[in-house]
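S.K.: Hey, dropping target.txt in here, compact mmCIF, C-alpha atoms:
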# COMPACT_ATOMS: atom_id res chain seq x y z
CA MET A 1 0.00 0.00 0.00
CA ILE A 2 1.22 3.50 -0.81
CA SER A 3 1.58 5.88 2.12
CA LEU A 4 2.24 9.61 2.36
CA GLN A 5 3.82 11.04 5.50
CA THR A 6 5.05 14.47 6.56
CA LYS A 7 8.02 14.93 8.95
CA LYS A 8 9.48 18.22 10.15
CA PHE A 9 12.61 19.35 11.94
CA THR A 10 14.34 22.67 12.58
CA GLU A 11 17.92 23.73 11.98
CA LYS A 12 19.74 26.82 13.29
CA THR A 13 21.58 28.72 10.55
CA ALA A 14 24.17 31.54 10.75
CA GLY A 15 23.23 33.21 7.44
CA HIS A 16 25.81 34.82 5.08
CA CYS A 17 26.14 31.69 2.91
CA ASP A 18 26.07 29.22 5.79
CA ILE A 19 26.25 25.65 4.40
CA ILE A 20 24.87 22.82 6.56
CA ASP A 21 24.83 19.05 5.95
CA ILE A 22 21.28 17.99 6.88
CA THR A 23 21.69 14.32 5.82
CA PRO A 24 21.94 12.98 9.43
CA ARG A 25 18.73 14.88 10.35
CA ILE A 26 16.93 13.41 7.33
CA HIS A 27 18.02 9.88 8.25
CA ASP A 28 16.94 10.47 11.82
CA ALA A 29 13.51 11.72 10.68
CA ILE A 30 12.81 8.74 8.39
CA LYS A 31 14.04 6.09 10.84
CA LYS A 32 10.57 5.64 12.34
CA ASP A 33 8.87 5.50 8.95
CA HIS A 34 7.55 2.04 8.05
CA SER A 35 7.84 2.22 4.28
CA HIS A 36 10.78 0.46 2.66
CA TYR A 37 11.40 2.41 -0.48
CA GLY A 38 10.08 5.41 -2.35
CA LEU A 39 10.74 9.14 -2.56
CA ILE A 40 11.85 11.63 0.09
CA THR A 41 11.07 15.24 -0.84
CA VAL A 42 12.86 17.94 1.17
CA PHE A 43 11.36 21.43 1.26
CA VAL A 44 12.03 24.78 2.96
CA SER A 45 9.34 27.50 2.74
CA ARG A 46 11.81 30.37 2.53
CA SER A 47 13.23 32.24 -0.44
CA THR A 48 16.76 32.59 1.03
CA THR A 49 17.49 28.90 1.71
CA PRO A 50 18.21 26.73 -1.34
CA LEU A 51 18.88 23.00 -1.03
CA THR A 52 21.21 20.89 -3.15
CA THR A 53 23.42 17.79 -2.98
CA ILE A 54 27.21 18.04 -2.81
CA GLU A 55 30.13 16.28 -1.15
CA HIS A 56 30.17 18.03 2.24
CA GLU A 57 33.95 18.41 2.51
CA SER A 58 35.70 21.57 3.79
CA GLY A 59 37.63 22.25 0.53
CA LEU A 60 34.52 21.92 -1.62
CA ILE A 61 32.42 24.01 0.79
CA GLN A 62 35.03 26.76 0.47
CA ASP A 63 34.93 26.45 -3.35
CA LEU A 64 31.13 26.75 -3.33
CA LYS A 65 31.25 29.89 -1.14
CA GLU A 66 33.85 31.49 -3.43
CA PHE A 67 31.80 30.53 -6.50
CA VAL A 68 28.71 32.29 -5.08
CA GLU A 69 30.83 35.37 -4.21
CA ARG A 70 32.15 35.48 -7.77
CA LEU A 71 28.79 34.87 -9.45
CA ILE A 72 26.74 37.27 -7.30
CA PRO A 73 29.26 39.72 -5.76
CA PRO A 74 28.06 41.31 -2.48
CA ASP A 75 29.46 44.74 -3.45
CA HIS A 76 27.27 44.94 -6.59
CA ARG A 77 24.34 47.33 -6.30
CA TYR A 78 21.09 45.33 -6.46
CA HIS A 79 17.67 46.84 -7.24
CA HIS A 80 16.17 44.67 -4.50
CA ASP A 81 18.54 46.20 -1.90
CA ASP A 82 17.67 49.71 -3.08
CA ARG A 83 14.04 49.00 -2.39
CA TRP A 84 14.20 46.95 0.80
CA ALA A 85 17.57 47.76 2.38
CA THR A 86 18.39 44.07 2.63
CA THR A 87 21.54 42.46 1.26
CA THR A 88 22.36 39.63 -1.11
CA VAL A 89 18.87 38.15 -0.94
CA PHE A 90 19.07 37.76 -4.72
CA ARG A 91 21.51 34.92 -4.20
CA ALA A 92 18.81 32.64 -2.93
CA SER A 93 16.60 32.44 -5.98
CA GLY A 94 17.71 28.84 -6.34
CA PRO A 95 15.83 25.63 -5.69
CA ALA A 96 14.21 25.32 -2.27
CA LEU A 97 13.36 21.71 -2.88
CA ARG A 98 15.36 18.55 -3.30
CA ALA A 99 14.15 14.99 -3.65
CA VAL A 100 16.11 11.80 -3.06
CA HIS A 101 15.31 8.21 -3.73
CA ARG A 102 15.17 5.58 -1.01
CA ASP A 103 16.03 1.95 -1.61
CA THR A 104 14.98 -1.34 0.01
CA HIS A 105 18.60 -2.38 0.31
CA ARG A 106 19.84 0.70 2.11
CA GLN A 107 18.27 -0.11 5.49
CA GLY A 108 15.91 2.82 5.37
CA LYS A 109 18.55 5.40 4.43
CA ALA A 110 18.40 7.77 1.46
CA SER A 111 20.10 6.38 -1.67
CA LEU A 112 22.87 8.96 -1.71
CA GLY A 113 26.38 8.35 -2.98
CA THR A 114 29.19 7.99 -0.42
CA TRP A 115 30.41 11.47 -1.34
CA GLN A 116 26.97 13.02 -1.70
CA GLN A 117 25.14 14.87 1.07
CA VAL A 118 21.96 16.95 1.15
CA ILE A 119 22.96 20.49 2.09
CA LEU A 120 20.97 23.53 3.17
CA LEU A 121 22.36 26.97 2.28
CA ASP A 122 21.24 30.12 4.08
CA PHE A 123 21.92 33.48 2.39
CA ASP A 124 20.03 35.62 4.89
CA ASN A 125 21.95 38.46 6.58
CA ARG A 126 21.37 37.21 10.15
CA PRO A 127 21.02 33.94 12.13
CA ARG A 128 17.72 32.11 11.74
CA THR A 129 15.88 28.95 12.79
CA ARG A 130 14.65 27.16 9.65
CA GLU A 131 11.90 24.56 9.44
CA ILE A 132 12.63 21.71 7.01
CA THR A 133 9.69 19.61 5.76
CA LEU A 134 10.06 16.04 4.46
CA GLU A 135 7.30 14.45 2.42
CA LEU A 136 7.71 10.66 2.31
CA ILE A 137 5.96 8.71 -0.44
CA GLY A 138 6.54 5.01 0.09
CA GLU A 139 5.31 1.44 -0.12
CA THR A 140 4.28 -0.15 3.19
CA GLU A 141 3.37 -3.81 3.69
CA MET B 1 -6.32 7.20 0.80
CA ILE B 2 -3.67 8.54 -1.57
CA SER B 3 -4.92 10.26 -4.69
CA LEU B 4 -3.18 11.50 -7.84
CA GLN B 5 -4.74 14.28 -9.89
CA THR B 6 -3.69 16.28 -12.94
CA LYS B 7 -4.71 19.95 -13.44
CA LYS B 8 -3.78 22.18 -16.36
CA PHE B 9 -3.92 25.89 -17.14
CA THR B 10 -2.44 28.17 -19.80
CA GLU B 11 -0.51 31.41 -19.45
CA LYS B 12 0.32 34.00 -22.11
CA THR B 13 4.01 34.96 -22.15
CA ALA B 14 5.84 37.80 -23.93
CA GLY B 15 9.19 35.97 -24.34
CA HIS B 16 12.61 37.73 -24.04
CA CYS B 17 13.03 36.80 -20.34
CA ASP B 18 9.43 37.43 -19.36
CA ILE B 19 8.97 36.58 -15.65
CA ILE B 20 5.44 35.70 -14.46
CA ASP B 21 4.14 34.92 -10.95
CA ILE B 22 1.94 31.83 -11.43
CA THR B 23 1.20 31.32 -7.68
CA PRO B 24 -2.40 32.68 -7.91
CA ARG B 25 -3.11 30.34 -10.86
CA ILE B 26 -1.73 27.37 -8.89
CA HIS B 27 -3.91 28.23 -5.87
CA ASP B 28 -6.91 28.60 -8.12
CA ALA B 29 -6.25 25.21 -9.75
CA ILE B 30 -5.90 23.32 -6.46
CA LYS B 31 -8.92 24.95 -4.76
CA LYS B 32 -11.28 22.24 -6.00
CA ASP B 33 -8.93 19.42 -4.99
CA HIS B 34 -10.17 17.38 -2.01
CA SER B 35 -6.83 16.32 -0.56
CA HIS B 36 -5.53 18.21 2.46
CA TYR B 37 -1.79 17.89 2.21
CA GLY B 38 0.84 16.41 -0.06
CA LEU B 39 2.94 17.46 -3.03
CA ILE B 40 2.18 19.80 -5.93
CA THR B 41 4.46 19.25 -8.92
CA VAL B 42 4.52 22.00 -11.55
CA PHE B 43 5.70 21.14 -15.06
CA VAL B 44 6.04 22.86 -18.45
CA SER B 45 6.81 20.68 -21.50
CA ARG B 46 8.97 23.28 -23.22
CA SER B 47 12.74 23.76 -23.23
CA THR B 48 12.61 27.58 -23.09
CA THR B 49 10.46 27.99 -19.96
CA PRO B 50 12.20 27.24 -16.65
CA LEU B 51 10.35 27.44 -13.32
CA THR B 52 11.76 28.53 -9.96
CA THR B 53 10.72 30.20 -6.70
CA ILE B 54 11.66 33.80 -5.87
CA GLU B 55 10.18 36.83 -4.14
CA HIS B 56 8.18 38.34 -7.03
CA GLU B 57 9.12 41.98 -6.36
CA SER B 58 10.00 44.49 -9.13
CA GLY B 59 13.55 45.18 -7.85
CA LEU B 60 14.39 41.50 -7.60
CA ILE B 61 12.81 40.73 -11.00
CA GLN B 62 15.07 43.38 -12.51
CA ASP B 63 18.11 41.87 -10.72
CA LEU B 64 17.24 38.42 -12.10
CA LYS B 65 16.92 39.76 -15.67
CA GLU B 66 20.29 41.56 -15.40
CA PHE B 67 21.87 38.42 -13.92
CA VAL B 68 20.71 36.34 -16.90
CA GLU B 69 21.99 39.04 -19.34
CA ARG B 70 25.38 38.99 -17.61
CA LEU B 71 25.64 35.18 -17.38
CA ILE B 72 24.42 34.41 -20.92
CA PRO B 73 24.93 37.63 -22.95
CA PRO B 74 22.62 37.94 -25.98
CA ASP B 75 25.42 39.35 -28.18
CA HIS B 76 27.59 36.24 -27.73
CA ARG B 77 27.72 33.99 -30.79
CA TYR B 78 26.08 30.64 -29.93
CA HIS B 79 26.55 27.42 -31.92
CA HIS B 80 22.83 26.73 -31.57
CA ASP B 81 21.99 30.07 -33.26
CA ASP B 82 24.42 29.34 -36.08
CA ARG B 83 22.56 26.13 -36.79
CA TRP B 84 18.94 27.16 -36.24
CA ALA B 85 18.86 30.94 -36.64
CA THR B 86 17.13 31.30 -33.27
CA THR B 87 18.37 33.48 -30.43
CA THR B 88 19.21 32.99 -26.75
CA VAL B 89 17.42 29.63 -26.56
CA PHE B 90 20.47 28.34 -24.66
CA ARG B 91 19.33 30.39 -21.68
CA ALA B 92 16.46 28.06 -21.00
CA SER B 93 18.37 24.88 -20.25
CA GLY B 94 17.29 25.28 -16.64
CA PRO B 95 14.74 23.34 -14.63
CA ALA B 96 11.30 23.01 -16.20
CA LEU B 97 9.88 21.50 -13.04
CA ARG B 98 9.26 22.74 -9.55
CA ALA B 99 7.52 21.01 -6.67
CA VAL B 100 6.05 22.57 -3.57
CA HIS B 101 4.68 21.10 -0.41
CA ARG B 102 1.11 21.62 0.77
CA ASP B 103 0.12 21.69 4.41
CA THR B 104 -3.08 20.86 6.30
CA HIS B 105 -2.86 24.15 8.15
CA ARG B 106 -2.59 26.38 5.10
CA GLN B 107 -6.22 26.06 4.00
CA GLY B 108 -5.35 24.24 0.82
CA LYS B 109 -2.67 26.67 -0.29
CA ALA B 110 0.91 25.78 -1.21
CA SER B 111 3.34 26.00 1.74
CA LEU B 112 5.30 28.90 0.33
CA GLY B 113 6.99 31.59 2.39
CA THR B 114 5.39 35.06 2.47
CA TRP B 115 8.14 36.34 0.18
CA GLN B 116 8.30 33.26 -2.02
CA GLN B 117 6.36 32.85 -5.27
CA VAL B 118 6.46 30.24 -8.04
CA ILE B 119 7.60 31.99 -11.21
CA LEU B 120 7.61 30.97 -14.86
CA LEU B 121 10.34 32.42 -17.09
CA ASP B 122 10.02 32.49 -20.86
CA PHE B 123 13.21 32.96 -22.92
CA ASP B 124 11.63 32.42 -26.33
CA ASN B 125 12.06 35.21 -28.90
CA ARG B 126 8.31 35.82 -29.40
CA PRO B 127 5.01 35.75 -27.46
CA ARG B 128 3.61 32.30 -26.67
CA THR B 129 0.75 30.56 -24.88
CA ARG B 130 2.21 28.03 -22.43
CA GLU B 131 0.45 25.06 -20.89
CA ILE B 132 1.33 24.45 -17.23
CA THR B 133 0.62 21.00 -15.75
CA LEU B 134 0.12 20.37 -12.02
CA GLU B 135 0.37 16.85 -10.64
CA LEU B 136 -1.21 16.65 -7.16
CA ILE B 137 -0.28 13.77 -4.88
CA GLY B 138 -2.33 13.99 -1.70
CA GLU B 139 -4.16 12.27 1.13
CA THR B 140 -7.96 12.30 0.90
CA GLU B 141 -10.32 11.14 3.62
CA MET C 1 -5.21 2.70 -7.60
CA ILE C 2 -1.92 4.48 -7.06
CA SER C 3 1.21 2.43 -7.68
CA LEU C 4 4.88 3.05 -6.98
CA GLN C 5 7.52 1.27 -9.04
CA THR C 6 11.31 1.39 -9.26
CA LYS C 7 13.19 0.79 -12.52
CA LYS C 8 16.95 0.91 -13.05
CA PHE C 9 19.33 1.00 -15.99
CA THR C 10 23.02 1.72 -16.49
CA GLU C 11 24.77 4.09 -18.88
CA LYS C 12 28.44 4.25 -19.83
CA THR C 13 29.89 7.78 -19.57
CA ALA C 14 33.21 9.21 -20.80
CA GLY C 15 33.55 11.90 -18.07
CA HIS C 16 35.03 15.39 -18.71
CA CYS C 17 31.59 16.99 -19.28
CA ASP C 18 30.13 14.11 -21.26
CA ILE C 19 26.49 14.91 -22.13
CA ILE C 20 24.15 11.97 -22.89
CA ASP C 21 20.50 11.95 -23.98
CA ILE C 22 18.86 9.32 -21.74
CA THR C 23 15.29 9.92 -22.99
CA PRO C 24 15.16 6.71 -25.14
CA ARG C 25 16.35 4.67 -22.13
CA ILE C 26 13.64 6.23 -19.93
CA HIS C 27 10.94 5.45 -22.50
CA ASP C 28 12.24 1.92 -22.81
CA ALA C 29 12.17 1.46 -19.02
CA ILE C 30 8.59 2.71 -18.59
CA LYS C 31 7.16 0.79 -21.58
CA LYS C 32 6.29 -2.23 -19.42
CA ASP C 33 4.72 -0.10 -16.67
CA HIS C 34 0.93 -0.44 -16.46
CA SER C 35 0.08 3.01 -15.13
CA HIS C 36 -1.25 5.57 -17.59
CA TYR C 37 -0.23 8.89 -16.15
CA GLY C 38 1.70 10.27 -13.20
CA LEU C 39 5.25 11.27 -12.31
CA ILE C 40 8.60 9.85 -13.39
CA THR C 41 11.44 10.78 -11.07
CA VAL C 42 14.97 10.26 -12.39
CA PHE C 43 17.82 9.96 -9.90
CA VAL C 44 21.58 9.28 -9.94
CA SER C 45 23.32 8.58 -6.60
CA ARG C 46 26.54 10.32 -7.54
CA SER C 47 27.76 13.85 -6.86
CA THR C 48 29.43 14.31 -10.28
CA THR C 49 26.43 13.53 -12.51
CA PRO C 50 23.73 16.24 -12.69
CA LEU C 51 20.55 15.76 -14.73
CA THR C 52 18.60 18.42 -16.61
CA THR C 53 16.38 18.88 -19.67
CA ILE C 54 17.65 20.57 -22.84
CA GLU C 55 17.25 20.25 -26.60
CA HIS C 56 19.87 17.58 -27.35
CA GLU C 57 21.26 19.20 -30.49
CA SER C 58 24.99 19.33 -31.34
CA GLY C 59 25.18 23.16 -31.42
CA LEU C 60 23.45 23.53 -28.06
CA ILE C 61 25.52 20.73 -26.48
CA GLN C 62 28.66 22.62 -27.55
CA ASP C 63 27.22 25.85 -26.07
CA LEU C 64 26.53 24.08 -22.76
CA LYS C 65 30.08 22.67 -22.60
CA GLU C 66 31.58 26.11 -23.29
CA PHE C 67 29.27 27.68 -20.68
CA VAL C 68 30.49 25.24 -18.01
CA GLU C 69 34.14 25.91 -19.02
CA ARG C 70 33.57 29.65 -18.67
CA LEU C 71 31.62 29.43 -15.38
CA ILE C 72 33.93 26.94 -13.65
CA PRO C 73 37.28 27.13 -15.49
CA PRO C 74 39.38 23.94 -15.23
CA ASP C 75 42.63 25.91 -14.77
CA HIS C 76 41.35 27.63 -11.61
CA ARG C 77 42.88 26.31 -8.38
CA TYR C 78 40.15 24.64 -6.30
CA HIS C 79 40.40 23.92 -2.57
CA HIS C 80 38.82 20.53 -3.19
CA ASP C 81 41.60 19.60 -5.67
CA ASP C 82 44.27 20.70 -3.20
CA ARG C 83 42.87 18.30 -0.67
CA TRP C 84 41.93 15.32 -2.82
CA ALA C 85 44.02 15.64 -5.99
CA THR C 86 40.91 15.25 -8.12
CA THR C 87 39.83 17.71 -10.80
CA THR C 88 36.73 19.71 -11.64
CA VAL C 89 34.52 17.74 -9.24
CA PHE C 90 33.14 21.08 -8.04
CA ARG C 91 31.32 21.42 -11.34
CA ALA C 92 28.89 18.73 -10.44
CA SER C 93 27.23 20.28 -7.40
CA GLY C 94 24.11 20.62 -9.50
CA PRO C 95 20.85 18.74 -9.35
CA ALA C 96 21.12 14.96 -9.43
CA LEU C 97 17.38 14.57 -9.78
CA ARG C 98 14.87 15.43 -12.44
CA ALA C 99 11.18 14.64 -12.60
CA VAL C 100 8.94 14.63 -15.64
CA HIS C 101 5.23 14.32 -16.01
CA ARG C 102 3.54 11.54 -17.97
CA ASP C 103 0.27 11.97 -19.76
CA THR C 104 -2.57 9.60 -20.73
CA HIS C 105 -2.50 10.94 -24.25
CA ARG C 106 1.19 10.41 -24.90
CA GLN C 107 1.00 6.61 -25.24
CA GLY C 108 3.07 5.97 -22.16
CA LYS C 109 5.84 8.39 -23.05
CA ALA C 110 7.13 11.23 -20.87
CA SER C 111 5.37 14.58 -21.53
CA LEU C 112 8.46 16.26 -22.93
CA GLY C 113 8.46 18.94 -25.60
CA THR C 114 9.59 18.00 -29.12
CA TRP C 115 12.84 19.87 -28.51
CA GLN C 116 13.28 18.79 -24.90
CA GLN C 117 15.31 15.77 -23.80
CA VAL C 118 16.43 14.47 -20.40
CA ILE C 119 20.22 14.63 -20.33
CA LEU C 120 22.81 13.18 -17.98
CA LEU C 121 26.09 15.08 -17.55
CA ASP C 122 29.21 13.43 -16.18
CA PHE C 123 31.99 15.68 -14.84
CA ASP C 124 34.18 12.91 -13.48
CA ASN C 125 37.78 12.77 -14.72
CA ARG C 126 37.52 9.23 -16.14
CA PRO C 127 34.99 6.87 -17.84
CA ARG C 128 32.34 5.39 -15.56
CA THR C 129 29.27 3.16 -15.59
CA ARG C 130 26.38 5.05 -13.95
CA GLU C 131 23.21 3.56 -12.49
CA ILE C 132 20.07 5.62 -13.17
CA THR C 133 17.02 5.01 -10.97
CA LEU C 134 13.45 5.81 -12.06
CA GLU C 135 10.67 6.06 -9.50
CA LEU C 136 7.26 5.83 -11.17
CA ILE C 137 4.20 7.13 -9.30
CA GLY C 138 1.10 6.42 -11.35
CA GLU C 139 -2.56 5.50 -11.52
CA THR C 140 -3.34 1.92 -12.56
CA GLU C 141 -6.78 0.53 -13.30
Translate this file's structure into structure tokens.

M.R.:
Amino acid sequence: MISLQTKKFTEKTAGHCDIIDITPRIHDAIKKDHSHYGLITVFVSRSTTPLTTIEHESGLIQDLKEFVERLIPPDHRYHHDDRWATTTVFRASGPALRAVHRDTHRQGKASLGTWQQVILLDFDNRPRTREITLELIGETE
Amino acid sequence: MISLQTKKFTEKTAGHCDIIDITPRIHDAIKKDHSHYGLITVFVSRSTTPLTTIEHESGLIQDLKEFVERLIPPDHRYHHDDRWATTTVFRASGPALRAVHRDTHRQGKASLGTWQQVILLDFDNRPRTREITLELIGETE
Amino acid sequence: MISLQTKKFTEKTAGHCDIIDITPRIHDAIKKDHSHYGLITVFVSRSTTPLTTIEHESGLIQDLKEFVERLIPPDHRYHHDDRWATTTVFRASGPALRAVHRDTHRQGKASLGTWQQVILLDFDNRPRTREITLELIGETE
């Protein structure tokens, strides 16, 4: 039988391109779920907190931060800042949703590669507490 | 019980990096759906019309347009244009799908942040009528 | 009745920004599925193999390769390379998942535009065999 379940957890973020590996929290949240395989959809209802998958390794995290700085420089004058006196919010117009597959043979864990983690980025200009929503679509016996 | 429903609507676009907030159309389309929570998947079967979420505010829309101009300049000579005599189609190789979560407590609306809208971009070089497909996966009583 | 099915296939990749049209493989994999419409989610459990949709045409493929070269130049010194002696892995921190809609009227095929294919990119620095997972959520009679 197909089941649909919602799980939520919160994460404290520092802002200013903070990059957090939320994979352990996702595994913790799905541990009590009874379905064996299916889809895990991760969602954050905020426009400054994109999600993606990457190898969460200090060198690569530094590369990603420098890439964002280069692509959307903080010293550029943005129309959005002129209007709202906020900063670098433009950076976050990326995906706020990520889905991963779950496999029968992975003992309930997400089917991620060994060097592949689900990361949450926060581009806000101050610390925040973010709510992350998981939607689990799975087959239960 | 889990249900799966398809809804469709059309939207007129001007092309040339037209950016349209389709959130009201999505809310209108799901109003008659009887499920209370679940996933809304938004899809456009065209390669020039990516979807994303952003705060739909005039300053930010202008920033996004300038960002696209800077990243993929229209005066650059593209191999695709050489072959097909079209322009700037390369710009649209972004995501043509976006999914949002829906919550029991949101009175049937998508769980978007206050400053977070679902936008459709159209990079075609002339006005078009686009068909947007919603796939609703939800729990009904 | 809603059904959930997993299908898998492998694809040989050359690495170094290899771009492969996997649409025929997807259509082949879903041919034996009995559901008529729904969602097809495509997933690769590797951090160097993003998926997207694009017109798979030689001019555009060349444009995409040159765009990646310009955005993330291979001769730049990356922190990740300093630590792990690998190259250009940073390029692949893109989406490793893509979902497409399937329609009753398309004879079991994915609802893609005529000039829209699902492509797999591989940024690894050597040839690989990649496993692609499809999760089919559909309505069966």

S.K.: Measuring between all atoms listed in the file, which one of A:Gly113, A:Lys32, A:Arg25, A:Leu39 shows the shortest distance to A:Leu136?

M.R.: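 Once distances to A:Leu136 are computed over all atoms listed in the file, the minimum belongs to A:Leu39.
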
S.K.: Using all atoms listed in the file, find each residue in chain A having at least one atom no more than 10 Å away from chain C; report its shortest atom-to-atom pair and that distance in Å (one decimal), rows by chain then rising number, as CSV.

M.R.:
residue,atom,partner,partner_atom,distance
A:Met1,CA,C:Ser3,CA,8.1
A:Ile2,CA,C:Ser3,CA,7.0
A:Ser3,CA,C:Ile2,CA,9.9
A:Tyr37,CA,C:Thr6,CA,8.8
A:Gly38,CA,C:Glu135,CA,7.2
A:Leu39,CA,C:Glu135,CA,7.6
A:Leu51,CA,C:Pro95,CA,9.6
A:Thr52,CA,C:Pro95,CA,6.6
A:Thr53,CA,C:Ser93,CA,6.3
A:Ile54,CA,C:Ser93,CA,5.1
A:Glu55,CA,C:Ser47,CA,6.6
A:Glu57,CA,C:His80,CA,7.8
A:Ser58,CA,C:His80,CA,7.7
A:Gly59,CA,C:His80,CA,4.3
A:Leu60,CA,C:His80,CA,4.8
A:Ile61,CA,C:His80,CA,8.3
A:Gln62,CA,C:His79,CA,6.8
A:Asp63,CA,C:His79,CA,6.1
A:Leu64,CA,C:Phe90,CA,7.6
A:Glu66,CA,C:Tyr78,CA,9.7
A:Phe67,CA,C:Ile72,CA,8.3
A:Arg70,CA,C:Leu71,CA,9.7
A:Leu71,CA,C:Leu71,CA,8.5
A:Pro95,CA,C:Pro95,CA,9.3
A:Arg98,CA,C:Leu97,CA,7.9
A:Ala99,CA,C:Leu97,CA,6.9
A:Val100,CA,C:Phe43,CA,7.3
A:His101,CA,C:Phe43,CA,6.9
A:Arg102,CA,C:Glu135,CA,9.6
A:Asp103,CA,C:Thr6,CA,9.0
A:Ala110,CA,C:Ser45,CA,9.5
A:Ser111,CA,C:Ser45,CA,6.3
A:Leu112,CA,C:Ser45,CA,4.9
A:Gly113,CA,C:Ser45,CA,4.7
A:Thr114,CA,C:Arg46,CA,7.9
A:Trp115,CA,C:Ser47,CA,6.6
A:Gln116,CA,C:Ser47,CA,5.3
A:Gln117,CA,C:Ser47,CA,8.4
A:Ile137,CA,C:Leu4,CA,8.7
A:Gly138,CA,C:Leu4,CA,7.5
A:Glu139,CA,C:Leu4,CA,7.1

S.K.: Just want the 9 Å neighbourhood of B:Glu11, counted on all atoms listed in the file, with same-chain residues fewer than 5 positions away dropped. Output as JSON, numbers by chain.

M.R.: {"B": [20, 22, 128, 129, 130, 131, 132]}

S.K.: Between atom CA of B:Ile119 and atom CA of A:Val68, what is the spacing in Å?

M.R.: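 Going from atom CA of A:Val68 over to atom CA of B:Ile119, I get 22.0 Å.
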